[in-house]
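Let me begin by presenting the structure, written as structure tokens, before commenting on it.
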Amino acid sequence: MIVALDGTVLVVAQPSMRRDLGASVAQVQWTSTAYLLTVAAFLVVAGRLGDRYGHSRLAITGVLGFAAASAGIALAPGVGWVIALRAAQGFFGALLQPATLALLRLAYPPDRLATPVAVRTSAIGVAAAAGPLLGGLLVAHLGWRAVFVVNVPLALAIAALILAVRVPEPERTGAGRPPLGSAALLVAAVAALVHALAGVPAAGWTAPPTLLGLGGAAGLGVLLVRWERRGAHPLVPAAVARSMPVMASMALLLTASGALSGALFTATFLLQDVRGLGAYDTALRLLPLTAVMVAGAPLAGFAQRRFGARRIALTGTGLVALGIAGLCTEALTGAGGAVLGAGFAAVMVTATGTVVGDAPPGYAGVIGGLKQTATNVGPAFGIALAAGAGAGAGTEAGAGAGATPALLALAALAAVGLLPASLLPGRPRGAAAGDLVGEDAGQRGERAPAAHGPADGERR
């Protein structure tokens, strides 16, 4: 929640920060890019460390480090310090995010996970929606530095809650040394990919920096796969990589989060540059999306238990595609946003519940890291796709002409998610309404020990 709040608050604070520090537009952009790069690159590594050393310990380290970096940004004398501390903030945010999902997995049995996952999704939605309002008030009355000061008491309160709530310690995995080679390759590959995607709106898909970045990410990815196959202690264990529900959920989260972020990017330009709305009126037009997403998450959790992961994921994915297409028509902007919010809530709750619930014991952290990586890389890809299709073109006419193709391309991206959604587990026959969606006896912990335990060679 604190990470979602920080991200949306910063958007409002950046113009004031630029004026106060005398920064360029590119430097201000890097205050966001530096955070995005580090948080996306270290999520899986952080999850693996949590599985090895304990998620409560990683969560405490992450939240206190996040608070310290926030305090440093509030005191930063120049934009260079802000960029460096935002990168540090991203690192500690990476420690924090997989730990929260892993702690849910440890605190709740699989048949009760849907409700806490839905509450978590709603909390993130509330924080993201409240961010611009809170940021506007803080910047108007106290200045841009106040948006980082507010993180400190919030982080300290979260740290106190983590210390007060006791959860079972996870089964420790990987008795050998940490997979440093795999970790380094993964960090480099994700950083190269996110950096390349972040540059697409300015440079385009065919620019040499974009092609070099994408090619470098692909090459590093191939090296990572070969390294993982040869390693005795892989970063992503075979028990995780072979799990169809986990991998399908990752693909679904990537396409849905990419489609949503790209649609919001496009809709903002469409409403302001073409339809002439101000920032406040634009926020009001998009409010149904957030409101329905927040209210729909608990309903999605109930539906997941009642009807099964596959049905709810397919329905949610279809609603995401339909809602994005509805944004093309002015008369349907509000309705399209509401449909999009309902669909995204269904996808997030169902895919996250499936990911966390299917985690083999001892690997909740690495699965949480993979999930968060998908939802961080997805938005970068969605915005790059929207920009490449013409969203946000320099002139009003260009913005209007490019909005519809961009939204249709994003609707198509969302529709691609129907394939992984169809691979999620269905509701088993005779399952009680309270059972977690899609879990058969094996997924509730009655599977063969080999599927639960670490990959070959992980216990020596």
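Residues in the structure tokens are numbered from 1 in each chain, the chains being A, B, ... in the order shown, and ligands are numbered from 1 in the order shown.
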Q: From the DSSP assignment of the backbone, select every residue of range 133-242 of chain A that is alpha helix (DSSP H), and format the answer as number ranges by chain.
A: A: 133-142, 146-149, 151-164, 180-198, 200-203, 208-230, 238-241
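If you look at CA of Gly80 in chain A and CA of Ala68 in chain A, they are 17.0 Å away from each other.
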Q) Which residue out of A:Gly72, A:Gly353, A:Gly181, A:Gly216 has the minimum interatomic distance to Ala232 in chain A when only C-alpha atoms are used? A) A:Gly181
Q: For each of A:Leu314, A:Ala202, A:Leu327, A:Ala300, take the minimum atom-to-atom distance to Leu286 in chain A, counting only C-alpha atoms, then give the residue where this is smallest.
A: A:Leu327
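Nearest to Leu64 in chain A of all the residues A:Pro201, A:Gly78, A:Gly213, A:Gly93 is A:Gly93, counting only C-alpha atoms.
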Q: Have a look at A:Pro298, A:Pro245, A:Gly323, A:Gly22 and name the one nearest to Pro425 in chain A; count only C-alpha atoms.
A: A:Pro245
**Q.** Spatial neighbours of Lys371 in chain A, 12 Å, only C-alpha atoms, chain gap at least 5 places, as number ranges by chain
**A.** A: 40, 43-44, 47, 94, 97-102, 240, 246-254, 257, 348, 351-356, 359, 364-366, 376-378
Write the residues you've just listed into a file as a compact mmCIF listing (two decimals), in the first residue's frame, and include N, CA and C atoms for each of them.
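Wrote result_22.txt, looks like this:
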```txt
# COMPACT_ATOMS: atom_id res chain seq x y z
N ALA A 40 11.91 -3.45 -10.20
CA ALA A 40 11.64 -4.56 -11.10
C ALA A 40 12.79 -5.56 -11.14
N LEU A 43 13.08 -7.83 -7.55
CA LEU A 43 11.93 -8.46 -6.90
C LEU A 43 12.12 -9.96 -6.70
N VAL A 44 12.53 -10.68 -7.73
CA VAL A 44 12.68 -12.13 -7.61
C VAL A 44 13.83 -12.46 -6.65
N GLY A 47 12.56 -12.02 -3.19
CA GLY A 47 11.72 -13.14 -2.79
C GLY A 47 12.52 -14.37 -2.42
N ALA A 94 11.56 -3.40 -3.33
CA ALA A 94 11.65 -4.76 -3.85
C ALA A 94 11.74 -5.77 -2.72
N GLN A 97 7.84 -5.92 -1.16
CA GLN A 97 6.64 -6.38 -1.87
C GLN A 97 6.48 -7.90 -1.89
N PRO A 98 7.49 -8.71 -2.26
CA PRO A 98 7.27 -10.16 -2.22
C PRO A 98 7.03 -10.67 -0.81
N ALA A 99 7.62 -9.99 0.19
CA ALA A 99 7.45 -10.44 1.57
C ALA A 99 6.00 -10.35 2.01
N THR A 100 5.26 -9.33 1.55
CA THR A 100 3.87 -9.21 1.97
C THR A 100 3.03 -10.36 1.45
N LEU A 101 3.23 -10.76 0.19
CA LEU A 101 2.50 -11.89 -0.35
C LEU A 101 2.91 -13.19 0.34
N ALA A 102 4.20 -13.35 0.60
CA ALA A 102 4.67 -14.56 1.27
C ALA A 102 4.11 -14.66 2.68
N VAL A 240 8.81 -24.52 -9.13
CA VAL A 240 8.06 -23.32 -9.47
C VAL A 240 7.91 -23.20 -10.98
N VAL A 246 1.01 -21.28 -11.84
CA VAL A 246 1.86 -20.14 -11.52
C VAL A 246 2.29 -19.42 -12.80
N MET A 247 2.79 -20.15 -13.79
CA MET A 247 3.27 -19.53 -15.01
C MET A 247 2.13 -18.87 -15.79
N ALA A 248 0.96 -19.52 -15.83
CA ALA A 248 -0.19 -18.92 -16.52
C ALA A 248 -0.63 -17.65 -15.82
N SER A 249 -0.62 -17.65 -14.50
CA SER A 249 -1.00 -16.45 -13.76
C SER A 249 -0.04 -15.30 -14.01
N MET A 250 1.26 -15.61 -14.11
CA MET A 250 2.25 -14.57 -14.40
C MET A 250 1.96 -13.92 -15.76
N ALA A 251 1.70 -14.76 -16.77
CA ALA A 251 1.41 -14.23 -18.11
C ALA A 251 0.15 -13.39 -18.09
N LEU A 252 -0.86 -13.83 -17.36
CA LEU A 252 -2.12 -13.09 -17.29
C LEU A 252 -1.92 -11.75 -16.60
N LEU A 253 -1.17 -11.73 -15.51
CA LEU A 253 -0.91 -10.48 -14.80
C LEU A 253 -0.13 -9.50 -15.67
N LEU A 254 0.82 -10.01 -16.46
CA LEU A 254 1.61 -9.14 -17.32
C LEU A 254 0.74 -8.48 -18.38
N SER A 257 -2.01 -6.03 -16.57
CA SER A 257 -1.43 -4.80 -16.02
C SER A 257 -0.90 -3.91 -17.13
N MET A 348 -6.78 -9.54 -11.09
CA MET A 348 -5.77 -9.40 -10.05
C MET A 348 -6.02 -10.35 -8.89
N ALA A 351 -5.69 -14.18 -10.25
CA ALA A 351 -4.32 -14.58 -10.59
C ALA A 351 -3.42 -14.55 -9.36
N THR A 352 -3.55 -13.53 -8.53
CA THR A 352 -2.71 -13.46 -7.33
C THR A 352 -3.05 -14.59 -6.37
N GLY A 353 -4.33 -14.86 -6.17
CA GLY A 353 -4.71 -15.96 -5.30
C GLY A 353 -4.21 -17.30 -5.81
N THR A 354 -4.24 -17.50 -7.12
CA THR A 354 -3.74 -18.74 -7.69
C THR A 354 -2.23 -18.85 -7.52
N VAL A 355 -1.51 -17.75 -7.77
CA VAL A 355 -0.06 -17.75 -7.64
C VAL A 355 0.35 -18.08 -6.21
N VAL A 356 -0.21 -17.35 -5.26
CA VAL A 356 0.20 -17.52 -3.88
C VAL A 356 -0.28 -18.87 -3.33
N ALA A 359 1.86 -21.88 -4.45
CA ALA A 359 3.28 -21.84 -4.13
C ALA A 359 3.69 -23.07 -3.34
N ALA A 364 7.25 -19.37 -1.34
CA ALA A 364 6.27 -18.29 -1.45
C ALA A 364 6.93 -16.97 -1.82
N GLY A 365 8.14 -16.74 -1.33
CA GLY A 365 8.82 -15.48 -1.62
C GLY A 365 9.21 -15.34 -3.07
N VAL A 366 9.81 -16.37 -3.64
CA VAL A 366 10.24 -16.26 -5.04
C VAL A 366 9.03 -16.15 -5.96
N ASN A 376 5.15 -5.21 -12.69
CA ASN A 376 5.99 -4.03 -12.91
C ASN A 376 6.45 -3.92 -14.36
N VAL A 377 6.77 -5.05 -14.98
CA VAL A 377 7.18 -5.03 -16.38
C VAL A 377 5.98 -4.79 -17.28
N GLY A 378 4.82 -5.34 -16.91
CA GLY A 378 3.62 -5.18 -17.73
C GLY A 378 3.28 -3.73 -18.02
```
Q: Would you mind telling me which residue in A:Thr255, A:Val339, A:Arg305, A:Ala346 lies nearest to Ala409 in chain A when using only C-alpha atoms?
A: A:Thr255
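Closest approach to Gly369 in chain A among A:Leu10, A:Ile162, A:Leu235, A:Ser56 is made by A:Leu235 (distances from only C-alpha atoms).
The environment of Leu37 in chain A within 12 Å, counting only C-alpha atoms and disregarding residues fewer than 6 places along the same chain, consists of Trp30, Thr31, Leu43, Ile83, Ala84, Arg86, Ala87, Ala88, Gln89, Gly90, Phe91, Gly93, Ala94, Val187, Ala188, Ala189, Val190, Ala191, Ala192, Leu193, Val194, His195, Ala196, Leu197, Ala198, Thr373, Asn376, Val377 and Ala380 of chain A.
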Q: Quick one: everything within 9 Å of Pro288 in chain A, counting only C-alpha atoms, minus sequence neighbours fewer than 4 positions away in the same chain. Send it as a list in words.
A: Leu284, Val292, Met293, Gly334, Ala335, Gly336, Gly337, Ala338, Val339 and Gly341 of chain A
Q: Quick one: everything within 12 Å of Phe66 in chain A, counting only C-alpha atoms, minus sequence neighbours fewer than 6 positions away in the same chain. Send it as number ranges by chain.
A: A: 2-3, 6, 35, 39, 58-60, 72-73, 85-97, 148-156, 158-159
Those residues with C-alpha atoms, as a PDB file, in the first residue's frame please?
```
ATOM      1  CA  ILE A   2       2.779   2.452   0.911  1.00  0.00           C
ATOM      2  CA  VAL A   3       4.539   1.686  -2.397  1.00  0.00           C
ATOM      3  CA  ASP A   6       4.294   6.779  -3.058  1.00  0.00           C
ATOM      4  CA  TYR A  35      12.821   3.511  -8.966  1.00  0.00           C
ATOM      5  CA  VAL A  39      12.291  -2.445  -7.995  1.00  0.00           C
ATOM      6  CA  LEU A  58      13.054  -8.969   4.816  1.00  0.00           C
ATOM      7  CA  ALA A  59       9.818  -7.007   5.294  1.00  0.00           C
ATOM      8  CA  ILE A  60      11.250  -5.124   8.286  1.00  0.00           C
ATOM      9  CA  GLY A  72      16.821  11.333   2.516  1.00  0.00           C
ATOM     10  CA  ILE A  73      14.853  12.482  -0.534  1.00  0.00           C
ATOM     11  CA  LEU A  85      17.821   7.810  -3.378  1.00  0.00           C
ATOM     12  CA  ARG A  86      14.849   6.854  -5.545  1.00  0.00           C
ATOM     13  CA  ALA A  87      16.936   3.931  -6.797  1.00  0.00           C
ATOM     14  CA  ALA A  88      17.640   2.981  -3.169  1.00  0.00           C
ATOM     15  CA  GLN A  89      13.941   3.358  -2.423  1.00  0.00           C
ATOM     16  CA  GLY A  90      13.222   0.945  -5.270  1.00  0.00           C
ATOM     17  CA  PHE A  91      15.637  -1.620  -3.841  1.00  0.00           C
ATOM     18  CA  PHE A  92      13.969  -1.539  -0.429  1.00  0.00           C
ATOM     19  CA  GLY A  93      10.540  -1.583  -2.072  1.00  0.00           C
ATOM     20  CA  ALA A  94      11.645  -4.760  -3.851  1.00  0.00           C
ATOM     21  CA  LEU A  95      12.470  -6.324  -0.482  1.00  0.00           C
ATOM     22  CA  LEU A  96       9.074  -5.346   0.871  1.00  0.00           C
ATOM     23  CA  GLN A  97       6.644  -6.385  -1.867  1.00  0.00           C
ATOM     24  CA  PHE A 148       8.294  11.918   1.011  1.00  0.00           C
ATOM     25  CA  VAL A 149       8.142  12.934   4.665  1.00  0.00           C
ATOM     26  CA  VAL A 150       4.697  11.343   4.947  1.00  0.00           C
ATOM     27  CA  ASN A 151       6.228   7.952   4.082  1.00  0.00           C
ATOM     28  CA  VAL A 152       8.263   7.899   7.288  1.00  0.00           C
ATOM     29  CA  PRO A 153       5.466   7.603   9.903  1.00  0.00           C
ATOM     30  CA  LEU A 154       3.549   5.233   7.620  1.00  0.00           C
ATOM     31  CA  ALA A 155       6.583   2.978   7.264  1.00  0.00           C
ATOM     32  CA  LEU A 156       7.260   3.008  11.016  1.00  0.00           C
ATOM     33  CA  ILE A 158       3.910  -0.845   9.202  1.00  0.00           C
ATOM     34  CA  ALA A 159       7.152  -2.001  10.839  1.00  0.00           C
TER      35      ALA A 159
END
```
